[in-house]
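Text of protein_27.txt, listed as compact mmCIF, C-alpha atoms:
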```txt
# COMPACT_ATOMS: atom_id res chain seq x y z
CA MET A 1 11.57 2.47 10.27
CA THR A 2 12.07 1.98 6.60
CA SER A 3 11.32 5.12 4.69
CA ALA A 4 8.59 4.73 2.15
CA ARG A 5 8.44 7.47 -0.38
CA PRO A 6 5.03 9.05 0.03
CA GLU A 7 2.96 8.48 -3.06
CA PRO A 8 0.18 10.84 -4.02
CA GLY A 9 -3.15 9.37 -3.08
CA GLY A 10 -1.51 6.35 -1.46
CA ALA A 11 -0.89 4.80 -4.81
CA ARG A 12 1.32 2.11 -3.34
CA PRO A 13 0.43 0.41 -0.11
CA SER A 14 2.94 1.73 2.43
CA VAL A 15 3.21 -1.71 4.05
CA THR A 16 5.33 -2.92 1.15
CA ALA A 17 8.15 -0.86 2.57
CA ASP A 18 8.50 -3.49 5.31
CA LEU A 19 8.12 -6.56 3.16
CA GLY A 20 11.85 -7.23 2.87
CA ALA A 21 12.30 -7.00 6.62
CA GLN A 22 9.35 -9.32 7.18
CA ILE A 23 10.82 -11.87 4.79
CA GLY A 24 14.06 -11.66 6.77
CA LEU A 25 12.09 -12.67 9.85
CA VAL A 26 10.33 -15.43 7.95
CA ALA A 27 13.77 -16.84 7.11
CA ARG A 28 14.26 -17.29 10.85
CA GLY A 29 11.03 -19.25 11.14
CA ASP A 30 8.89 -16.38 12.41
CA ALA A 31 5.30 -17.48 11.81
CA ALA A 32 3.82 -14.11 12.70
CA ALA A 33 6.01 -12.47 10.07
CA PHE A 34 4.87 -15.05 7.54
CA ASP A 35 1.31 -14.15 8.42
CA ALA A 36 2.10 -10.51 7.68
CA VAL A 37 3.84 -11.41 4.43
CA TYR A 38 0.79 -13.40 3.39
CA GLU A 39 -1.43 -10.40 4.02
CA GLN A 40 0.80 -8.22 1.88
CA VAL A 41 1.38 -10.42 -1.12
CA ALA A 42 -1.36 -13.07 -1.37
CA ALA A 43 -3.71 -10.96 -3.49
CA SER A 44 -1.00 -10.01 -5.97
CA VAL A 45 0.29 -13.57 -6.18
CA PHE A 46 -3.19 -14.93 -6.71
CA GLY A 47 -3.95 -12.18 -9.20
CA ILE A 48 -1.01 -12.82 -11.48
CA VAL A 49 -1.21 -16.59 -11.16
CA ARG A 50 -4.88 -16.57 -12.09
CA ARG A 51 -4.22 -14.18 -14.93
CA VAL A 52 -1.71 -16.59 -16.44
CA ILE A 53 -3.31 -19.94 -15.57
CA ARG A 54 -6.98 -18.93 -15.67
CA ASP A 55 -8.30 -22.15 -14.21
CA PRO A 56 -9.39 -21.14 -10.67
CA ALA A 57 -8.63 -24.46 -8.96
CA GLN A 58 -5.16 -24.72 -10.49
CA SER A 59 -4.53 -21.07 -9.71
CA GLU A 60 -5.27 -21.65 -6.04
CA GLU A 61 -2.96 -24.62 -6.01
CA VAL A 62 -0.10 -22.69 -7.60
CA THR A 63 -0.71 -19.70 -5.35
CA GLN A 64 -0.34 -21.98 -2.36
CA ASP A 65 2.88 -23.40 -3.83
CA VAL A 66 4.28 -19.94 -4.38
CA LEU A 67 3.51 -18.80 -0.84
CA LEU A 68 5.05 -21.97 0.53
CA GLU A 69 8.11 -21.32 -1.57
CA VAL A 70 8.36 -17.89 0.03
CA TRP A 71 8.29 -19.65 3.40
CA ARG A 72 10.82 -22.30 2.39
CA ASN A 73 13.23 -20.05 0.55
CA ALA A 74 12.95 -16.85 2.57
CA SER A 75 16.64 -17.16 3.39
CA LYS A 76 17.44 -16.87 -0.30
CA PHE A 77 15.92 -13.41 -0.60
CA ASP A 78 18.69 -10.86 -1.05
CA ALA A 79 17.68 -7.22 -0.77
CA GLU A 80 20.83 -6.25 -2.67
CA ARG A 81 19.42 -7.87 -5.77
CA GLY A 82 16.01 -6.25 -5.91
CA SER A 83 12.89 -5.49 -3.94
CA ALA A 84 11.01 -8.09 -1.96
CA THR A 85 7.92 -7.49 -4.07
CA ALA A 86 9.86 -8.21 -7.25
CA TRP A 87 11.30 -11.35 -5.67
CA VAL A 88 7.88 -12.71 -4.74
CA MET A 89 6.26 -11.73 -8.04
CA THR A 90 9.10 -13.33 -9.99
CA LEU A 91 8.53 -16.59 -8.10
CA ALA A 92 4.80 -16.34 -8.69
CA HIS A 93 5.01 -15.58 -12.37
CA ARG A 94 7.59 -18.24 -13.07
CA ARG A 95 5.58 -20.89 -11.25
CA ALA A 96 2.45 -19.93 -13.13
CA VAL A 97 4.24 -20.04 -16.45
CA ASP A 98 5.89 -23.36 -15.63
CA ARG A 99 2.50 -24.81 -14.78
CA VAL A 100 0.99 -23.59 -18.02
CA ARG A 101 3.85 -24.99 -20.07
CA SER A 102 3.85 -28.36 -18.33
CA VAL A 103 0.22 -28.89 -19.23
CA GLN A 104 0.51 -27.16 -22.56
CA LYS A 105 0.74 -30.27 -24.65
CA GLU A 106 -2.54 -31.76 -23.45
CA SER A 107 -4.46 -28.56 -23.68
CA GLU A 108 -2.77 -27.00 -26.67
CA ARG A 109 -6.05 -26.61 -28.47
CA GLU A 110 -7.75 -25.11 -25.46
CA ARG A 111 -5.03 -22.51 -25.12
CA ARG A 112 -5.20 -21.69 -28.77
CA THR A 113 -8.83 -20.82 -28.39
CA ALA A 114 -8.16 -18.93 -25.19
CA LYS A 115 -5.41 -16.83 -26.71
CA ALA A 116 -7.85 -14.80 -28.73
CA ASP A 117 -9.21 -12.98 -25.72
CA ILE A 118 -5.98 -12.34 -23.82
CA PRO A 119 -4.80 -8.95 -24.98
CA TYR A 120 -5.43 -5.45 -24.04
CA ASP A 121 -9.09 -5.24 -23.09
CA GLU A 122 -8.77 -7.82 -20.43
CA VAL A 123 -5.73 -6.20 -18.99
CA ALA A 124 -7.51 -2.90 -19.02
CA GLU A 125 -10.48 -4.42 -17.25
CA ALA A 126 -8.35 -5.90 -14.48
CA VAL A 127 -6.09 -2.91 -14.25
CA GLU A 128 -8.59 -0.50 -12.83
CA SER A 129 -9.72 1.24 -9.66
CA SER A 130 -6.58 2.11 -7.73
CA LEU A 131 -4.15 4.76 -8.79
CA GLU A 132 -1.47 2.14 -9.02
CA ARG A 133 -3.51 0.20 -11.50
CA GLU A 134 -4.30 3.35 -13.35
CA ARG A 135 -0.63 4.15 -13.61
CA VAL A 136 0.24 0.69 -14.92
CA ARG A 137 -2.54 1.02 -17.44
CA ARG A 138 -1.34 4.43 -18.53
CA CYS A 139 2.22 3.17 -18.91
CA LEU A 140 1.08 0.14 -20.91
CA GLY A 141 -0.84 2.58 -23.04
CA SER A 142 2.31 4.58 -23.71
CA LEU A 143 3.96 1.63 -25.46
CA THR A 144 3.77 1.04 -29.19
CA GLU A 145 1.16 -1.46 -30.15
CA LEU A 146 3.72 -4.16 -30.93
CA GLN A 147 5.49 -3.57 -27.63
CA ARG A 148 2.26 -3.68 -25.69
CA GLU A 149 1.05 -6.83 -27.37
CA SER A 150 4.40 -8.50 -26.85
CA VAL A 151 4.30 -7.67 -23.15
CA THR A 152 0.70 -8.68 -22.55
CA LEU A 153 1.00 -11.93 -24.48
CA ALA A 154 4.27 -12.82 -22.79
CA TYR A 155 3.63 -11.66 -19.27
CA TYR A 156 -0.11 -12.15 -18.86
CA GLY A 157 -0.49 -14.87 -21.48
CA GLY A 158 2.54 -16.91 -20.44
CA TYR A 159 3.86 -17.31 -23.98
CA THR A 160 7.50 -17.59 -24.97
CA TYR A 161 8.89 -14.91 -27.25
CA GLY A 162 8.93 -17.50 -30.02
CA GLN A 163 5.23 -18.18 -29.54
CA VAL A 164 4.49 -14.47 -29.37
CA ALA A 165 6.38 -14.01 -32.62
CA SER A 166 4.29 -16.59 -34.43
CA LEU A 167 1.03 -15.30 -32.93
CA LEU A 168 1.85 -11.81 -34.16
CA GLY A 169 3.51 -12.92 -37.38
CA VAL A 170 6.69 -11.00 -36.59
CA PRO A 171 10.28 -12.35 -36.61
CA ALA A 172 11.41 -13.69 -33.23
CA GLY A 173 14.41 -11.39 -33.18
CA THR A 174 12.15 -8.38 -33.49
CA ILE A 175 9.94 -9.56 -30.66
CA LYS A 176 12.93 -10.10 -28.39
CA THR A 177 14.13 -6.56 -28.83
CA ARG A 178 10.60 -5.13 -28.55
CA MET A 179 10.16 -6.92 -25.27
CA ARG A 180 13.30 -5.45 -23.85
CA ASP A 181 12.51 -1.96 -25.12
CA ALA A 182 8.99 -2.25 -23.75
CA LEU A 183 10.13 -3.20 -20.28
CA ILE A 184 12.69 -0.42 -20.22
CA ARG A 185 9.96 2.05 -21.15
CA LEU A 186 7.59 0.61 -18.59
CA ARG A 187 10.26 0.79 -15.94
CA ASP A 188 10.95 4.42 -16.68
CA CYS A 189 7.27 5.28 -16.95
CA LEU A 190 6.44 3.57 -13.66
CA GLY A 191 9.31 5.33 -11.92
CA VAL A 192 10.72 2.09 -10.60
CA ASP A 193 13.50 2.83 -8.13
CA GLN A 194 16.13 0.34 -9.19
CA MET B 1 31.57 -18.88 -36.94
CA ASN B 2 28.82 -16.41 -37.63
CA ARG B 3 26.64 -18.46 -35.41
CA MET B 4 29.13 -18.13 -32.58
CA LYS B 5 29.15 -14.38 -32.91
CA MET B 6 25.39 -14.30 -32.85
CA ARG B 7 25.35 -16.32 -29.69
CA ASP B 8 27.72 -13.94 -28.01
CA ARG B 9 25.51 -10.95 -28.66
CA GLU B 10 22.24 -12.70 -28.21
CA PRO B 11 21.99 -12.85 -24.43
CA HIS B 12 21.64 -9.08 -24.04
CA THR B 13 18.66 -8.92 -26.32
CA LEU B 14 17.05 -11.75 -24.37
CA ALA B 15 16.87 -9.63 -21.21
CA GLY B 16 13.25 -8.59 -21.75
CA ALA B 17 12.04 -12.07 -22.63
CA TYR B 18 13.94 -13.50 -19.68
CA ALA B 19 12.51 -10.97 -17.24
CA MET B 20 9.01 -12.00 -18.35
CA ASP B 21 9.77 -15.74 -18.32
CA ALA B 22 8.96 -15.68 -22.03
CA ILE B 23 11.77 -18.01 -22.77
CA SER B 24 12.19 -21.76 -23.26
CA ALA B 25 13.99 -23.83 -20.67
CA PRO B 26 17.24 -24.20 -22.67
CA ASP B 27 17.29 -20.47 -23.45
CA ARG B 28 16.68 -19.74 -19.80
CA ALA B 29 19.60 -21.91 -18.72
CA ARG B 30 21.87 -20.33 -21.32
CA PHE B 31 20.88 -16.83 -20.29
CA GLU B 32 21.42 -17.62 -16.63
CA ARG B 33 24.95 -18.81 -17.38
CA HIS B 34 25.50 -15.51 -19.11
CA LEU B 35 24.01 -13.58 -16.17
CA ALA B 36 26.34 -15.26 -13.71
CA GLY B 37 29.30 -13.59 -15.39
CA CYS B 38 27.73 -10.26 -16.30
CA HIS B 39 27.06 -7.96 -13.39
CA GLU B 40 25.60 -5.29 -15.62
CA CYS B 41 23.10 -7.72 -17.12
CA ALA B 42 22.06 -8.91 -13.68
CA GLN B 43 21.40 -5.30 -12.74
CA GLU B 44 19.35 -4.76 -15.84
CA ILE B 45 17.28 -7.86 -15.13
CA ALA B 46 16.72 -6.69 -11.57
CA SER B 47 15.46 -3.33 -12.78
CA LEU B 48 13.22 -4.89 -15.43
CA ARG B 49 11.78 -7.19 -12.80
CA GLU B 50 10.77 -4.21 -10.72
CA ALA B 51 8.68 -3.24 -13.72
CA THR B 52 7.19 -6.69 -14.29
CA ALA B 53 6.38 -6.90 -10.59
CA ARG B 54 4.16 -3.87 -11.07
CA LEU B 55 2.40 -5.64 -13.92
CA ALA B 56 1.75 -8.42 -11.43
CA THR B 57 0.58 -6.32 -8.48
CA ALA B 58 -1.79 -4.50 -10.82
CA THR B 59 -3.74 -7.75 -11.19
CA ALA B 60 -4.26 -8.24 -7.45
CA VAL B 61 -7.45 -10.08 -6.52
CA PRO B 62 -8.22 -11.32 -3.01
CA PRO B 63 -7.74 -15.09 -2.93
CA PRO B 64 -10.42 -17.38 -1.47
CA SER B 65 -10.62 -16.82 2.26
CA ASP B 66 -9.73 -20.38 3.24
CA LEU B 67 -6.45 -20.27 1.33
CA LYS B 68 -4.64 -18.57 4.18
CA GLU B 69 -5.38 -21.32 6.65
CA ARG B 70 -4.18 -23.90 4.17
CA VAL B 71 -0.98 -22.00 3.48
CA MET B 72 -0.22 -21.44 7.16
CA ALA B 73 -0.87 -25.09 7.98
CA ALA B 74 1.26 -26.26 5.07
CA ALA B 75 4.07 -23.92 6.11
CA ALA B 76 3.98 -25.36 9.61
CA MET B 77 4.68 -28.77 8.11
CA THR B 78 7.36 -27.55 5.73
CA ARG B 79 11.00 -27.38 6.58
CA GLN B 80 12.75 -24.17 5.56
CA GLN B 81 15.85 -24.03 3.42
CA PRO B 82 19.00 -22.96 5.22
CA PRO B 83 20.71 -19.79 4.05
CA ALA B 84 23.90 -20.00 2.04
CA VAL B 85 26.68 -20.26 4.59
CA MET B 86 29.68 -17.98 4.58
CA GLN B 87 32.87 -20.02 4.33
CA ALA B 88 34.67 -20.57 7.61
CA THR B 89 38.35 -19.60 7.52
CA GLY B 90 40.62 -22.60 7.16
CA SER B 91 42.21 -22.54 10.60
CA GLU B 92 38.83 -22.43 12.28
CA ALA B 93 37.47 -25.50 10.62
CA THR B 94 39.11 -28.08 12.81
CA GLY B 95 37.73 -31.58 12.93
CA SER B 96 35.76 -31.08 16.10
CA THR B 97 34.10 -27.82 15.09
CA ALA B 98 33.28 -29.32 11.72
CA ARG B 99 31.71 -32.25 13.52
CA THR B 100 29.85 -29.96 15.86
CA ARG B 101 28.62 -28.03 12.90
CA ALA B 102 27.34 -31.20 11.25
CA TRP B 103 25.55 -32.12 14.42
CA ARG B 104 24.15 -28.68 14.79
CA GLY B 105 22.78 -28.97 11.30
CA ARG B 106 21.13 -32.26 12.07
CA LEU B 107 19.78 -31.03 15.36
CA ARG B 108 18.43 -27.92 13.74
CA TRP B 109 16.51 -30.01 11.24
CA ALA B 110 15.27 -32.23 14.03
CA ALA B 111 14.14 -29.13 15.92
CA ALA B 112 12.28 -27.85 12.90
CA ALA B 113 10.68 -31.24 12.32
CA VAL B 114 9.56 -31.44 15.93
CA ALA B 115 8.16 -27.93 15.83
CA ALA B 116 6.28 -28.82 12.67
CA ALA B 117 4.93 -32.02 14.24
CA VAL B 118 3.77 -30.08 17.30
CA VAL B 119 1.99 -27.57 15.15
CA LEU B 120 0.34 -30.29 13.11
CA ALA B 121 -0.85 -32.04 16.26
CA VAL B 122 -2.18 -28.76 17.56
CA ALA B 123 -3.94 -28.12 14.29
CA VAL B 124 -5.59 -31.52 14.42
CA VAL B 125 -6.61 -31.31 18.08
CA PHE B 126 -8.00 -27.82 18.04
CA GLY B 127 -9.48 -27.89 14.58
CA VAL B 128 -7.70 -24.62 14.11
CA SER B 129 -9.60 -21.46 14.57
CA ASN B 130 -7.18 -19.06 13.00
CA GLY B 131 -6.29 -17.28 16.22
CA THR B 132 -5.67 -20.48 18.14
CA MET B 133 -3.50 -21.78 15.39
CA ARG B 134 -1.44 -18.66 15.30
CA HIS B 135 -0.94 -18.74 19.03
CA GLN B 136 0.15 -22.38 19.03
CA LEU B 137 2.33 -21.79 16.06
CA SER B 138 4.20 -19.05 17.81
CA GLN B 139 4.69 -21.26 20.88
CA ALA B 140 6.18 -24.09 18.86
CA GLN B 141 8.25 -21.49 17.07
CA ALA B 142 9.45 -20.07 20.38
CA SER B 143 10.80 -23.46 21.39
CA SER B 144 12.54 -24.02 18.08
CA GLN B 145 13.93 -20.49 18.22
CA GLN B 146 15.31 -21.25 21.67
CA MET B 147 16.93 -24.35 20.25
CA ALA B 148 18.34 -22.35 17.40
CA ALA B 149 19.77 -19.87 19.92
CA VAL B 150 21.64 -22.69 21.68
CA LEU B 151 22.83 -24.33 18.48
CA THR B 152 24.16 -21.11 17.08
CA ALA B 153 25.65 -19.70 20.29
CA ARG B 154 29.33 -18.86 20.15
CA ASP B 155 30.10 -20.99 23.18
CA ALA B 156 27.96 -23.94 22.06
CA THR B 157 29.68 -27.19 22.88
CA MET B 158 28.67 -30.67 21.97
CA MET B 159 28.94 -33.70 24.22
CA THR B 160 28.00 -37.28 23.72
CA GLY B 161 27.32 -39.96 26.30
CA ALA B 162 25.85 -43.41 26.77
CA VAL B 163 22.70 -44.25 28.65
CA HIS B 164 22.99 -47.21 31.05
CA GLY B 165 20.84 -49.88 29.49
CA GLY B 166 21.23 -48.55 25.95
CA GLY B 167 21.04 -45.29 24.09
CA ASN B 168 23.43 -42.62 22.83
CA VAL B 169 22.94 -39.10 23.98
CA THR B 170 23.96 -35.94 22.20
CA ILE B 171 23.93 -32.68 24.05
CA VAL B 172 24.65 -29.24 22.70
CA MET B 173 24.86 -26.70 25.49
CA SER B 174 25.53 -23.04 25.81
CA HIS B 175 26.22 -21.42 29.15
CA SER B 176 25.71 -17.99 27.63
CA VAL B 177 22.18 -18.96 26.61
CA HIS B 178 21.73 -20.96 29.86
CA ALA B 179 20.25 -23.85 27.98
CA LEU B 180 21.01 -27.12 26.26
CA VAL B 181 19.47 -29.19 23.52
CA PHE B 182 19.20 -32.89 24.22
CA THR B 183 18.60 -35.79 21.87
CA VAL B 184 19.02 -39.50 22.35
CA ALA B 185 19.10 -42.34 19.86
CA GLY B 186 18.39 -46.00 20.52
CA LEU B 187 16.64 -45.58 23.84
CA HIS B 188 14.78 -48.68 25.06
CA ALA B 189 11.03 -48.44 24.80
CA LEU B 190 9.33 -48.40 28.20
CA PRO B 191 5.88 -49.80 29.05
CA ALA B 192 3.13 -47.23 28.54
CA SER B 193 2.88 -46.65 32.29
CA ARG B 194 6.44 -45.35 32.45
CA GLY B 195 8.52 -42.71 30.71
CA TYR B 196 11.94 -41.12 30.73
CA GLU B 197 12.36 -37.97 32.74
CA LEU B 198 15.18 -35.47 32.30
CA TRP B 199 16.73 -33.57 35.21
CA LEU B 200 19.18 -30.81 35.94
CA ILE B 201 20.95 -31.58 39.19
CA GLY B 202 23.43 -29.27 40.83
CA PRO B 203 24.30 -26.72 43.48
CA ALA B 204 21.07 -24.87 42.71
CA GLY B 205 19.03 -27.98 43.54
CA ASP B 206 17.37 -30.69 41.47
CA ARG B 207 15.13 -29.41 38.74
CA ARG B 208 12.78 -31.46 36.64
CA VAL B 209 13.30 -30.59 32.97
CA THR B 210 10.65 -32.60 31.17
CA MET B 211 9.34 -36.04 30.37
CA LEU B 212 10.87 -37.13 27.08
CA PRO B 213 8.36 -37.39 24.26
CA PRO B 214 7.93 -40.82 22.67
CA GLY B 215 10.74 -41.61 20.23
CA ARG B 216 10.30 -41.54 16.48
CA HIS B 217 12.48 -43.62 14.22
CA ASP B 218 14.71 -44.48 17.12
CA MET B 219 15.30 -40.80 17.88
CA THR B 220 13.98 -39.06 20.95
CA GLY B 221 13.97 -35.31 21.12
CA PRO B 222 15.28 -32.80 20.58
CA VAL B 223 14.14 -31.25 23.81
CA ILE B 224 15.39 -28.04 25.29
CA ALA B 225 16.46 -27.70 28.91
CA SER B 226 16.67 -24.10 29.99
CA GLY B 227 17.74 -22.59 33.29
CA LEU B 228 21.16 -24.20 33.05
CA ARG B 229 23.58 -23.10 35.81
CA PRO B 230 27.28 -23.68 36.34
CA GLY B 231 28.02 -27.01 38.03
CA ASP B 232 24.83 -28.67 36.83
CA HIS B 233 24.63 -32.30 35.83
CA LEU B 234 22.16 -33.62 33.35
CA ALA B 235 20.46 -36.81 34.47
CA LEU B 236 17.94 -39.23 33.09
CA THR B 237 15.68 -41.60 35.04
CA ALA B 238 12.74 -43.87 34.24
CA GLU B 239 9.66 -42.70 36.12
CA PRO B 240 5.88 -43.20 36.17
CA ALA B 241 4.38 -41.80 32.97
CA GLY B 242 3.00 -38.67 34.65
CA GLY B 243 6.44 -37.70 35.92
CA THR B 244 7.67 -37.12 39.47
CA SER B 245 8.95 -34.05 41.24
CA ARG B 246 12.29 -35.67 42.10
CA PRO B 247 14.20 -38.64 40.75
CA THR B 248 13.02 -41.92 42.29
CA THR B 249 15.10 -44.44 40.33
CA PRO B 250 18.82 -44.81 39.61
CA MET B 251 20.35 -42.35 37.15
CA MET B 252 20.65 -43.89 33.73
CA LEU B 253 22.75 -40.97 32.57
CA ASP B 254 24.81 -38.46 34.47
CA VAL B 255 26.72 -35.84 32.55
CA LEU B 256 28.59 -32.98 34.12
CA LEU B 257 27.81 -29.90 32.08
```
Give the structure from this file in C-alpha cells form.
Amino acid sequence: MTSARPEPGGARPSVTADLGAQIGLVARGDAAAFDAVYEQVAASVFGIVRRVIRDPAQSEEVTQDVLLEVWRNASKFDAERGSATAWVMTLAHRRAVDRVRSVQKESERERRTAKADIPYDEVAEAVESSLERERVRRCLGSLTELQRESVTLAYYGGYTYGQVASLLGVPAGTIKTRMRDALIRLRDCLGVDQ
Amino acid sequence: MNRMKMRDREPHTLAGAYAMDAISAPDRARFERHLAGCHECAQEIASLREATARLATATAVPPPSDLKERVMAAAAMTRQQPPAVMQATGSEATGSTARTRAWRGRLRWAAAAVAAAVVLAVAVVFGVSNGTMRHQLSQAQASSQQMAAVLTARDATMMTGAVHGGGNVTIVMSHSVHALVFTVAGLHALPASRGYELWLIGPAGDRRVTMLPPGRHDMTGPVIASGLRPGDHLALTAEPAGGTSRPTTPMMLDVLL
C-alpha cells in the first residue's frame, strides 16, 4: 500500500496516492485500471480544460483527447520525474493551451473581449468549497498582485508570458521572473512534496 | 556577443513560463533543449509542475456523464504506445532474436488491434450498458494479455511454416506459458459454409483450439492456443463453419511444437 500522508480534513483525496500505480497498469492495457484513472482525474482535467478553453463543446472534446492520451501514453509516465497527477495535469493544460492558440487567430477579437473577466474573481469563485481549494486560494492570495495576475493570466487564461506582459503593460523580462518566483512561492505555500 | 550571453542565461528565467505553458512554440523547443542537458532545471520544472497541478485540480468540475462512455469506447479502439525499450546488449542481439523481436512487435500490434476490434464489435452489438462494456472489455483484454505473456516469455520461440494450398504461418510459442500465438497470411478464402479450424494434436489427445476468424487484409489471427503440452503438434483443417470436435479432413498444416 502506498502511504498517503494524512491531510487534515481529507484535504486531498487519498485515492491519488494510487494514481501512479494505476497508470502503470494502464500501460499494460488494463481497462479496469483505466476506468479507475478516469474516476480520479476526469473532473480535474475537465475543470482546467474548461477554465482555459471556456467553450463547453470544445472543452469536452479536448478532455476526451487528454484522457485518450493518458491511455495511449501511459507507458511514458515516469514516477521518477514527478507525480502522476502532475503528469496528467501537464498533458491537460498543454492540450488546452495548444487548442486555444491554434484557434487564436480566428477568434482573436473574441478572446480580447473575454480576457477582461479572467482574473482573480473568477478563480476565487471556482476555487471554493473543499479545503484543497481553500488552500490554493489562500496561497494565490499570498502572492504579490503582479505575481498573482501573471499566474492567473498565464495558467488559467492560456496566455504566453509575452501576451501577459503586454496585457499588464510590464516588460516581458519582468513577467518571466515574476512567474518563476510566483510558482516557487506557490509550491512552498502548498507544501508540494517534490 | 551580448545576445549570446543573454541566451545562455535566459533559459533559467523561463522556468516559470515553461511550467505554465506560457511560452511560444520556438521558446518551448529551445527551453526543452536546455532542459535535456540540465538535470537541475528538470528538477525545478518537476517541482513547479507539482504546484501548477494543484492550480488545475482546484478547478475540478464533474464532466458530462456520457463522457466516460465515449472515452472508454475510444480507448478500446486506440492502440497504446510501447514503452521505451532498454537496449539489448550487443552479443544478445543476434539476427534471429532481432527477427523474433520484430515479429513479436508486429504480433503485439496485431493482438492489440484484434482486441480493439472485438471490443468495438461488442460495443455495437450490446449497445453498451456501462457494466456490460466493462466486462467485455476485460475479456478482450484478458486474451490480449495472454498473447502478451507468450510474446514476452523468456522461452518464446518463433516458427514459420507453409499451409498446403497456400498461406504462411507464423507461430510464437512458449512452453513456460503453455500457449502459442498463431497468425497466418495469404490463406485461401473458403465458402461461407466452411472455415479453418485449429488443433493441438499430441500424446494428450486431439484438442480443438478454435475456428479461425475471417481474415482481414490477408491476415488471419492472431489467435491464442493455450493448454500447450510437450510433444504437441499444431494442425489446421478446413471444416464445416460451425466446427467439428475432431479433424475430418486432411491436415493442411502440421507443425511439431
Note to self: Give me, as an MDAnalysis selection string, the residues of chain B touching chain A, with the criterion being at most 7 Å (counting all atoms listed in the file).
What the structure shows: chainID B and resid 13:17 20:24 46:51 53 55:63 71 75 79:83 137:138 141
Checklist line | Point-to-point distance in Å for atom CA of Ser245 of chain B and atom CA of Ile171 of chain B | finding: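 Value for the atom CA of Ile171 of chain B-atom CA of Ser245 of chain B distance: 22.8 Å.
Interatomic distance, atom CA of Gln40 of chain A against atom CA of Leu19 of chain A: 7.6 Å.
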Note to self: Could you tell me how far atom CA of Ala84 of chain B sits from atom CA of Ala156 of chain B, in Å to one decimal place?
What the structure shows: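 Straight-line distance from atom CA of Ala156 of chain B to atom CA of Ala84 of chain B works out to 20.8 Å.
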Give me, as JSON lines, the closest atom pair and its distance (Å, one decimal) for every residue of segment 210-257 of chain B within a cut-off of 12 Å of segment 189-195 of chain B, counting only C-alpha atoms, rows sorted by chain and rising number.
```
{"residue": "B:Thr210", "atom": "CA", "partner": "B:Gly195", "partner_atom": "CA", "distance": 10.3}
{"residue": "B:Met211", "atom": "CA", "partner": "B:Gly195", "partner_atom": "CA", "distance": 6.7}
{"residue": "B:Leu212", "atom": "CA", "partner": "B:Gly195", "partner_atom": "CA", "distance": 7.1}
{"residue": "B:Pro213", "atom": "CA", "partner": "B:Gly195", "partner_atom": "CA", "distance": 8.4}
{"residue": "B:Pro214", "atom": "CA", "partner": "B:Gly195", "partner_atom": "CA", "distance": 8.3}
{"residue": "B:Gly215", "atom": "CA", "partner": "B:Ala189", "partner_atom": "CA", "distance": 8.2}
{"residue": "B:Arg216", "atom": "CA", "partner": "B:Ala189", "partner_atom": "CA", "distance": 10.8}
{"residue": "B:His217", "atom": "CA", "partner": "B:Ala189", "partner_atom": "CA", "distance": 11.7}
{"residue": "B:Asp218", "atom": "CA", "partner": "B:Ala189", "partner_atom": "CA", "distance": 9.4}
{"residue": "B:Met219", "atom": "CA", "partner": "B:Ala189", "partner_atom": "CA", "distance": 11.2}
{"residue": "B:Thr220", "atom": "CA", "partner": "B:Ala189", "partner_atom": "CA", "distance": 10.6}
{"residue": "B:Leu236", "atom": "CA", "partner": "B:Gly195", "partner_atom": "CA", "distance": 10.3}
{"residue": "B:Thr237", "atom": "CA", "partner": "B:Gly195", "partner_atom": "CA", "distance": 8.4}
{"residue": "B:Ala238", "atom": "CA", "partner": "B:Gly195", "partner_atom": "CA", "distance": 5.6}
{"residue": "B:Glu239", "atom": "CA", "partner": "B:Gly195", "partner_atom": "CA", "distance": 5.5}
{"residue": "B:Pro240", "atom": "CA", "partner": "B:Arg194", "partner_atom": "CA", "distance": 4.3}
{"residue": "B:Ala241", "atom": "CA", "partner": "B:Arg194", "partner_atom": "CA", "distance": 4.1}
{"residue": "B:Gly242", "atom": "CA", "partner": "B:Arg194", "partner_atom": "CA", "distance": 7.8}
{"residue": "B:Gly243", "atom": "CA", "partner": "B:Gly195", "partner_atom": "CA", "distance": 7.5}
{"residue": "B:Thr244", "atom": "CA", "partner": "B:Gly195", "partner_atom": "CA", "distance": 10.4}
{"residue": "B:Thr249", "atom": "CA", "partner": "B:Arg194", "partner_atom": "CA", "distance": 11.7}
```
Within 8 Å of Thr157 of chain B using only C-alpha atoms, minus same-chain residues under 2 positions, as a short mmCIF file (atom, residue, chain, number, x, y, z; two decimals) with C-alpha atoms, in the frame of the given file:
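This went into selection_17.cif:
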```cif
data_model
loop_
_atom_site.label_atom_id
_atom_site.label_comp_id
_atom_site.auth_asym_id
_atom_site.auth_seq_id
_atom_site.Cartn_x
_atom_site.Cartn_y
_atom_site.Cartn_z
CA THR B 100 29.85 -29.96 15.86
CA ASP B 155 30.10 -20.99 23.18
CA MET B 159 28.94 -33.70 24.22
CA VAL B 172 24.65 -29.24 22.70
CA MET B 173 24.86 -26.70 25.49
CA SER B 174 25.53 -23.04 25.81
#
```
